[in-house]
$ cat structure.cif   # mmCIF, C-alpha atoms
data_entry
loop_
_atom_site.group_PDB
_atom_site.id
_atom_site.type_symbol
_atom_site.label_atom_id
_atom_site.label_comp_id
_atom_site.auth_asym_id
_atom_site.auth_seq_id
_atom_site.Cartn_x
_atom_site.Cartn_y
_atom_site.Cartn_z
ATOM 1 C CA MET A 1 0.000 0.000 0.000
ATOM 2 C CA GLN A 2 1.222 3.463 -0.852
ATOM 3 C CA GLY A 3 1.418 5.975 1.987
ATOM 4 C CA LYS A 4 -1.234 8.644 2.345
ATOM 5 C CA LYS A 5 -0.816 12.414 2.612
ATOM 6 C CA ILE A 6 -2.206 14.128 5.682
ATOM 7 C CA LEU A 7 -2.564 17.876 6.113
ATOM 8 C CA MET A 8 -2.009 18.989 9.708
ATOM 9 C CA LEU A 9 -3.499 22.372 10.656
ATOM 10 C CA THR A 10 -1.577 24.180 13.392
ATOM 11 C CA GLY A 11 -1.145 27.646 14.838
ATOM 12 C CA GLU A 12 1.211 29.240 17.294
ATOM 13 C CA PHE A 13 0.994 27.435 20.650
ATOM 14 C CA THR A 14 -0.637 24.303 19.296
ATOM 15 C CA GLU A 15 -0.127 21.403 21.739
ATOM 16 C CA GLU A 16 3.362 20.033 21.088
ATOM 17 C CA TYR A 17 2.610 16.342 21.675
ATOM 18 C CA GLU A 18 -0.301 16.542 19.266
ATOM 19 C CA ILE A 19 2.102 17.770 16.615
ATOM 20 C CA PHE A 20 5.241 15.722 17.248
ATOM 21 C CA VAL A 21 3.824 12.370 18.353
ATOM 22 C CA TYR A 22 1.188 12.305 15.639
ATOM 23 C CA GLN A 23 3.553 13.362 12.872
ATOM 24 C CA GLN A 24 6.279 10.906 13.829
ATOM 25 C CA ALA A 25 3.869 7.990 14.252
ATOM 26 C CA MET A 26 2.306 8.586 10.843
ATOM 27 C CA GLU A 27 5.686 8.976 9.174
ATOM 28 C CA ALA A 28 6.948 5.806 10.869
ATOM 29 C CA VAL A 29 4.358 3.757 8.959
ATOM 30 C CA GLY A 30 4.966 5.446 5.621
ATOM 31 C CA HIS A 31 2.503 8.334 5.547
ATOM 32 C CA THR A 32 3.442 11.925 4.725
ATOM 33 C CA VAL A 33 2.350 14.671 7.112
ATOM 34 C CA HIS A 34 2.483 18.277 5.982
ATOM 35 C CA VAL A 35 2.451 20.624 8.974
ATOM 36 C CA VAL A 36 1.040 24.012 8.008
ATOM 37 C CA CYS A 37 0.203 27.258 9.764
ATOM 38 C CA PRO A 38 -1.468 30.312 8.213
ATOM 39 C CA ASP A 39 1.045 32.730 6.673
ATOM 40 C CA LYS A 40 4.005 30.455 7.486
ATOM 41 C CA ASN A 41 6.404 28.977 4.967
ATOM 42 C CA ALA A 42 8.243 25.673 4.857
ATOM 43 C CA GLY A 43 11.242 25.995 7.153
ATOM 44 C CA ASP A 44 9.567 28.423 9.565
ATOM 45 C CA LEU A 45 9.238 27.537 13.242
ATOM 46 C CA ILE A 46 6.204 27.980 15.471
ATOM 47 C CA LYS A 47 6.078 28.015 19.246
ATOM 48 C CA THR A 48 4.083 25.211 20.852
ATOM 49 C CA SER A 49 2.400 24.804 24.209
ATOM 50 C CA LEU A 50 2.422 21.919 26.660
ATOM 51 C CA HIS A 51 -0.804 21.399 28.579
ATOM 52 C CA ASP A 52 -1.109 19.225 31.650
ATOM 53 C CA PHE A 53 -3.480 18.498 34.508
ATOM 54 C CA GLU A 54 -1.765 19.118 37.820
ATOM 55 C CA GLY A 55 -4.628 19.350 40.284
ATOM 56 C CA ASP A 56 -5.987 22.764 39.325
ATOM 57 C CA GLN A 57 -9.514 23.437 38.117
ATOM 58 C CA THR A 58 -8.235 23.579 34.561
ATOM 59 C CA TYR A 59 -5.115 22.574 32.670
ATOM 60 C CA THR A 60 -1.792 24.310 33.099
ATOM 61 C CA GLU A 61 0.114 25.710 30.165
ATOM 62 C CA LYS A 62 3.857 25.764 29.604
ATOM 63 C CA LEU A 63 6.002 26.691 26.643
ATOM 64 C CA GLY A 64 6.801 23.678 24.491
ATOM 65 C CA HIS A 65 9.465 23.070 21.873
ATOM 66 C CA PHE A 66 9.574 24.831 18.541
ATOM 67 C CA ALA A 67 7.827 22.905 15.764
ATOM 68 C CA LEU A 68 8.985 22.959 12.151
ATOM 69 C CA ILE A 69 6.530 23.950 9.451
ATOM 70 C CA ASN A 70 7.359 21.634 6.553
ATOM 71 C CA LYS A 71 4.906 22.925 3.937
ATOM 72 C CA THR A 72 4.130 26.486 2.883
ATOM 73 C CA PHE A 73 0.508 27.268 3.779
ATOM 74 C CA SER A 74 -0.271 29.066 0.509
ATOM 75 C CA GLU A 75 0.962 26.061 -1.474
ATOM 76 C CA ALA A 76 -0.988 23.508 0.556
ATOM 77 C CA GLU A 77 -4.267 25.371 0.213
ATOM 78 C CA LYS A 78 -3.925 25.192 -3.585
ATOM 79 C CA GLN A 79 -3.194 21.434 -3.536
ATOM 80 C CA LEU A 80 -6.004 20.079 -1.358
ATOM 81 C CA ASP A 81 -6.871 17.351 -3.865
ATOM 82 C CA GLN A 82 -3.488 15.747 -3.106
ATOM 83 C CA TYR A 83 -4.375 15.128 0.544
ATOM 84 C CA HIS A 84 -6.228 12.091 1.825
ATOM 85 C CA ALA A 85 -7.102 13.520 5.264
ATOM 86 C CA VAL A 86 -6.925 16.641 7.415
ATOM 87 C CA TYR A 87 -5.832 16.661 11.057
ATOM 88 C CA CYS A 88 -6.745 19.466 13.457
ATOM 89 C CA ALA A 89 -4.254 19.434 16.328
ATOM 90 C CA GLY A 90 -5.330 20.964 19.627
ATOM 91 C CA GLY A 91 -3.844 23.379 22.119
ATOM 92 C CA ARG A 92 -4.149 27.148 21.754
ATOM 93 C CA GLY A 93 -3.690 27.375 17.997
ATOM 94 C CA PRO A 94 -7.283 26.447 17.082
ATOM 95 C CA GLU A 95 -8.625 29.421 19.041
ATOM 96 C CA TYR A 96 -7.381 31.836 16.422
ATOM 97 C CA ILE A 97 -6.774 29.884 13.216
ATOM 98 C CA ARG A 98 -10.442 28.861 13.152
ATOM 99 C CA THR A 99 -11.372 32.456 12.308
ATOM 100 C CA ASP A 100 -9.117 32.412 9.225
ATOM 101 C CA LYS A 101 -11.321 32.099 6.126
ATOM 102 C CA ARG A 102 -8.575 30.126 4.355
ATOM 103 C CA VAL A 103 -8.517 27.539 7.162
ATOM 104 C CA GLN A 104 -12.301 27.351 7.022
ATOM 105 C CA ALA A 105 -12.129 26.738 3.271
ATOM 106 C CA ILE A 106 -9.660 23.894 3.820
ATOM 107 C CA VAL A 107 -11.941 22.233 6.373
ATOM 108 C CA ARG A 108 -14.929 22.745 4.097
ATOM 109 C CA HIS A 109 -13.084 20.956 1.270
ATOM 110 C CA PHE A 110 -12.475 17.845 3.366
ATOM 111 C CA HIS A 111 -16.035 17.879 4.682
ATOM 112 C CA GLU A 112 -17.669 18.302 1.291
ATOM 113 C CA THR A 113 -15.478 15.681 -0.395
ATOM 114 C CA GLY A 114 -16.055 13.160 2.410
ATOM 115 C CA LYS A 115 -12.367 12.763 3.174
ATOM 116 C CA PRO A 116 -11.290 11.747 6.693
ATOM 117 C CA ILE A 117 -11.189 14.469 9.333
ATOM 118 C CA PHE A 118 -9.147 13.902 12.492
ATOM 119 C CA THR A 119 -9.473 16.142 15.559
ATOM 120 C CA ILE A 120 -8.071 16.061 19.064
ATOM 121 C CA CYS A 121 -8.502 18.287 22.123
ATOM 122 C CA HIS A 122 -9.252 21.905 21.092
ATOM 123 C CA GLY A 123 -8.887 20.942 17.417
ATOM 124 C CA VAL A 124 -12.663 20.635 17.222
ATOM 125 C CA GLN A 125 -12.841 24.439 17.487
ATOM 126 C CA ILE A 126 -11.531 24.562 13.931
ATOM 127 C CA LEU A 127 -14.288 22.220 12.760
ATOM 128 C CA ILE A 128 -17.169 24.013 14.451
ATOM 129 C CA ALA A 129 -16.178 27.243 12.687
ATOM 130 C CA VAL A 130 -17.466 25.660 9.464
ATOM 131 C CA ASP A 131 -21.205 25.126 9.390
ATOM 132 C CA GLY A 132 -22.281 21.512 9.099
ATOM 133 C CA VAL A 133 -18.970 19.761 9.767
ATOM 134 C CA VAL A 134 -19.907 18.374 13.195
ATOM 135 C CA ARG A 135 -23.685 18.526 12.746
ATOM 136 C CA GLY A 136 -25.102 15.071 13.380
ATOM 137 C CA LYS A 137 -21.692 13.710 14.407
ATOM 138 C CA LYS A 138 -20.585 12.229 17.702
ATOM 139 C CA VAL A 139 -17.359 13.985 18.651
ATOM 140 C CA GLY A 140 -14.857 13.738 21.481
ATOM 141 C CA ALA A 141 -12.840 16.776 22.554
ATOM 142 C CA LEU A 142 -11.578 18.532 25.649
ATOM 143 C CA GLY A 143 -14.538 18.958 28.014
ATOM 144 C CA ALA A 144 -14.362 22.750 27.721
ATOM 145 C CA CYS A 145 -15.415 22.389 24.074
ATOM 146 C CA GLU A 146 -18.676 20.568 24.869
ATOM 147 C CA PRO A 147 -20.942 23.656 24.582
ATOM 148 C CA GLU A 148 -19.477 24.559 21.195
ATOM 149 C CA VAL A 149 -19.891 21.022 19.850
ATOM 150 C CA THR A 150 -23.516 20.998 21.016
ATOM 151 C CA LEU A 151 -24.288 24.442 19.575
ATOM 152 C CA ALA A 152 -22.810 23.330 16.239
ATOM 153 C CA GLY A 153 -25.269 20.426 16.121
ATOM 154 C CA GLY A 154 -22.913 17.671 17.217
ATOM 155 C CA THR A 155 -23.146 15.271 20.122
ATOM 156 C CA TYR A 156 -20.291 15.613 22.568
ATOM 157 C CA ILE A 157 -18.868 12.271 23.710
ATOM 158 C CA ASP A 158 -17.204 12.400 27.131
ATOM 159 C CA LEU A 159 -14.348 10.020 26.439
ATOM 160 C CA SER A 160 -11.863 8.783 28.996
ATOM 161 C CA PRO A 161 -8.435 10.454 28.735
ATOM 162 C CA THR A 162 -7.087 7.453 26.796
ATOM 163 C CA GLU A 163 -9.959 6.731 24.385
ATOM 164 C CA ALA A 164 -10.668 7.770 20.805
ATOM 165 C CA TYR A 165 -14.003 7.810 19.004
ATOM 166 C CA VAL A 166 -14.835 7.081 15.369
ATOM 167 C CA ASP A 167 -17.941 8.374 13.619
ATOM 168 C CA GLY A 168 -17.708 7.434 9.959
ATOM 169 C CA THR A 169 -14.437 8.925 8.755
ATOM 170 C CA MET A 170 -14.143 11.398 11.627
ATOM 171 C CA VAL A 171 -11.801 10.387 14.453
ATOM 172 C CA SER A 172 -11.689 12.383 17.684
ATOM 173 C CA ALA A 173 -10.163 12.281 21.154
ATOM 174 C CA LYS A 174 -10.062 14.343 24.335
ATOM 175 C CA GLY A 175 -6.364 15.190 24.393
ATOM 176 C CA TRP A 176 -2.761 14.075 24.070
ATOM 177 C CA THR A 177 -3.074 11.285 26.649
ATOM 178 C CA ALA A 178 -5.256 9.510 24.070
ATOM 179 C CA LEU A 179 -2.727 9.734 21.245
ATOM 180 C CA ALA A 180 -2.101 5.967 21.115
ATOM 181 C CA ALA A 181 -5.793 5.159 20.642
ATOM 182 C CA PHE A 182 -6.320 8.195 18.413
ATOM 183 C CA ILE A 183 -3.466 7.290 16.076
ATOM 184 C CA ARG A 184 -4.594 3.653 15.962
ATOM 185 C CA GLU A 185 -8.103 4.703 14.858
ATOM 186 C CA CYS A 186 -6.756 7.237 12.343
ATOM 187 C CA LEU A 187 -4.638 4.483 10.800
ATOM 188 C CA LYS A 188 -7.683 2.223 10.474
ATOM 189 C CA VAL A 189 -9.665 4.960 8.738
ATOM 190 C CA LEU A 190 -6.721 5.518 6.373
ATOM 191 C CA GLY A 191 -6.687 1.795 5.573
ATOM 192 C CA THR A 192 -3.312 1.191 7.184
ATOM 193 C CA GLU A 193 -2.788 -2.297 8.546
ATOM 194 C CA ILE A 194 0.039 -3.128 10.930
ATOM 195 C CA ARG A 195 0.893 -6.816 11.297
ATOM 196 C CA HIS A 196 3.118 -8.386 13.907
ATOM 197 C CA THR A 197 4.949 -11.521 12.857
#
$ encode --input "structure.cif" --output "structure tokens"
Amino acid sequence: MQGKKILMLTGEFTEEYEIFVYQQAMEAVGHTVHVVCPDKNAGDLIKTSLHDFEGDQTYTEKLGHFALINKTFSEAEKQLDQYHAVYCAGGRGPEYIRTDKRVQAIVRHFHETGKPIFTICHGVQILIAVDGVVRGKKVGALGACEPEVTLAGGTYIDLSPTEAYVDGTMVSAKGWTALAAFIRECLKVLGTEIRHT
């Protein structure tokens, strides 16, 4: 089987694990992941965030590592037919890139063509900015996103921190602690089979 091409949507302060772990896992099994950010070019760096739960009422936020943008945004948005799936990483980035009309157009393309859409943590904020994408879908995300999922016509699924959920070709999870399950389900949707001998 030939590897697939996945478009990863990020912004400044996207959750670092949801960039690095996902990208490396997909590349390890032969897929190509293009990491893009609005107005960034291949070779640019973005700052990431590291979120954790340390006993407070909400998550804590620390500065993560720099992440490398490996595809120029303006090029990727003109080549959407080349991609088999889109992945919306979480963290802080979705809060602002979801208002970018170009990002919305990218999401709309994958929705209207029925291609797989993968979302984790706050990544669902990108999806709900485009009317109809989560309507009628069951979606997992960080609990703070539940009202937005509901208002957009979706059904919020309160997953455990290590679970992923599949609704058709949409795969979702609550956050980075679910990356193993999330990646496993994304691979299934992409038609990737891993065999142990």
$ resolve_selection --input "structure.cif" --expression "the PyMOL selection byres ((chain A and resi 94-109) around 12)" --output "PyMOL selection string"
chain A and resi 7-15+36-39+73-93+110-134+145
$ write_last_selection --input "structure.cif" --atoms "C-alpha atoms" --output "short mmCIF file (atom, residue, chain, number, x, y, z; two decimals), in the coordinates of the input"
data_model
loop_
_atom_site.label_atom_id
_atom_site.label_comp_id
_atom_site.auth_asym_id
_atom_site.auth_seq_id
_atom_site.Cartn_x
_atom_site.Cartn_y
_atom_site.Cartn_z
CA LEU A 7 -2.56 17.88 6.11
CA MET A 8 -2.01 18.99 9.71
CA LEU A 9 -3.50 22.37 10.66
CA THR A 10 -1.58 24.18 13.39
CA GLY A 11 -1.14 27.65 14.84
CA GLU A 12 1.21 29.24 17.29
CA PHE A 13 0.99 27.44 20.65
CA THR A 14 -0.64 24.30 19.30
CA GLU A 15 -0.13 21.40 21.74
CA VAL A 36 1.04 24.01 8.01
CA CYS A 37 0.20 27.26 9.76
CA PRO A 38 -1.47 30.31 8.21
CA ASP A 39 1.04 32.73 6.67
CA PHE A 73 0.51 27.27 3.78
CA SER A 74 -0.27 29.07 0.51
CA GLU A 75 0.96 26.06 -1.47
CA ALA A 76 -0.99 23.51 0.56
CA GLU A 77 -4.27 25.37 0.21
CA LYS A 78 -3.92 25.19 -3.58
CA GLN A 79 -3.19 21.43 -3.54
CA LEU A 80 -6.00 20.08 -1.36
CA ASP A 81 -6.87 17.35 -3.86
CA GLN A 82 -3.49 15.75 -3.11
CA TYR A 83 -4.38 15.13 0.54
CA HIS A 84 -6.23 12.09 1.82
CA ALA A 85 -7.10 13.52 5.26
CA VAL A 86 -6.92 16.64 7.42
CA TYR A 87 -5.83 16.66 11.06
CA CYS A 88 -6.74 19.47 13.46
CA ALA A 89 -4.25 19.43 16.33
CA GLY A 90 -5.33 20.96 19.63
CA GLY A 91 -3.84 23.38 22.12
CA ARG A 92 -4.15 27.15 21.75
CA GLY A 93 -3.69 27.38 18.00
CA PHE A 110 -12.48 17.84 3.37
CA HIS A 111 -16.04 17.88 4.68
CA GLU A 112 -17.67 18.30 1.29
CA THR A 113 -15.48 15.68 -0.40
CA GLY A 114 -16.06 13.16 2.41
CA LYS A 115 -12.37 12.76 3.17
CA PRO A 116 -11.29 11.75 6.69
CA ILE A 117 -11.19 14.47 9.33
CA PHE A 118 -9.15 13.90 12.49
CA THR A 119 -9.47 16.14 15.56
CA ILE A 120 -8.07 16.06 19.06
CA CYS A 121 -8.50 18.29 22.12
CA HIS A 122 -9.25 21.90 21.09
CA GLY A 123 -8.89 20.94 17.42
CA VAL A 124 -12.66 20.64 17.22
CA GLN A 125 -12.84 24.44 17.49
CA ILE A 126 -11.53 24.56 13.93
CA LEU A 127 -14.29 22.22 12.76
CA ILE A 128 -17.17 24.01 14.45
CA ALA A 129 -16.18 27.24 12.69
CA VAL A 130 -17.47 25.66 9.46
CA ASP A 131 -21.20 25.13 9.39
CA GLY A 132 -22.28 21.51 9.10
CA VAL A 133 -18.97 19.76 9.77
CA VAL A 134 -19.91 18.37 13.20
CA CYS A 145 -15.42 22.39 24.07
#
$ axis_aligned_box --input "structure.cif" --around "range 98-114 of chain A" --padding-each-side "8 Å" --output "JSON"
{"center_x": -13.1, "center_y": 22.8, "center_z": 6.4, "size_x": 25.2, "size_y": 35.3, "size_z": 29.5}
$ resolve_selection --input "structure.cif" --expression "the PyMOL selection byres ((chain A and resi 177-194) around 6)" --output "list in words"
Pro161, Thr162, Glu163, Ala164, Gly175, Trp176 and Arg195 of chain A
$ atom_distance --input "structure.cif" --atom1 "CA of Asn41 in chain A" --atom2 "CA of Lys174 in chain A"
29.3 Å
$ decode --input "structure.cif" --residues "range 153-184 of chain A" --atoms "C-alpha atoms" --output "PDB file, in the first residue's frame"
ATOM      1  CA  GLY A 153     -25.269  20.426  16.121  1.00  0.00           C
ATOM      2  CA  GLY A 154     -22.913  17.671  17.217  1.00  0.00           C
ATOM      3  CA  THR A 155     -23.146  15.271  20.122  1.00  0.00           C
ATOM      4  CA  TYR A 156     -20.291  15.613  22.568  1.00  0.00           C
ATOM      5  CA  ILE A 157     -18.868  12.271  23.710  1.00  0.00           C
ATOM      6  CA  ASP A 158     -17.204  12.400  27.131  1.00  0.00           C
ATOM      7  CA  LEU A 159     -14.348  10.020  26.439  1.00  0.00           C
ATOM      8  CA  SER A 160     -11.863   8.783  28.996  1.00  0.00           C
ATOM      9  CA  PRO A 161      -8.435  10.454  28.735  1.00  0.00           C
ATOM     10  CA  THR A 162      -7.087   7.453  26.796  1.00  0.00           C
ATOM     11  CA  GLU A 163      -9.959   6.731  24.385  1.00  0.00           C
ATOM     12  CA  ALA A 164     -10.668   7.770  20.805  1.00  0.00           C
ATOM     13  CA  TYR A 165     -14.003   7.810  19.004  1.00  0.00           C
ATOM     14  CA  VAL A 166     -14.835   7.081  15.369  1.00  0.00           C
ATOM     15  CA  ASP A 167     -17.941   8.374  13.619  1.00  0.00           C
ATOM     16  CA  GLY A 168     -17.708   7.434   9.959  1.00  0.00           C
ATOM     17  CA  THR A 169     -14.437   8.925   8.755  1.00  0.00           C
ATOM     18  CA  MET A 170     -14.143  11.398  11.627  1.00  0.00           C
ATOM     19  CA  VAL A 171     -11.801  10.387  14.453  1.00  0.00           C
ATOM     20  CA  SER A 172     -11.689  12.383  17.684  1.00  0.00           C
ATOM     21  CA  ALA A 173     -10.163  12.281  21.154  1.00  0.00           C
ATOM     22  CA  LYS A 174     -10.062  14.343  24.335  1.00  0.00           C
ATOM     23  CA  GLY A 175      -6.364  15.190  24.393  1.00  0.00           C
ATOM     24  CA  TRP A 176      -2.761  14.075  24.070  1.00  0.00           C
ATOM     25  CA  THR A 177      -3.074  11.285  26.649  1.00  0.00           C
ATOM     26  CA  ALA A 178      -5.256   9.510  24.070  1.00  0.00           C
ATOM     27  CA  LEU A 179      -2.727   9.734  21.245  1.00  0.00           C
ATOM     28  CA  ALA A 180      -2.101   5.967  21.115  1.00  0.00           C
ATOM     29  CA  ALA A 181      -5.793   5.159  20.642  1.00  0.00           C
ATOM     30  CA  PHE A 182      -6.320   8.195  18.413  1.00  0.00           C
ATOM     31  CA  ILE A 183      -3.466   7.290  16.076  1.00  0.00           C
ATOM     32  CA  ARG A 184      -4.594   3.653  15.962  1.00  0.00           C
TER      33      ARG A 184
END
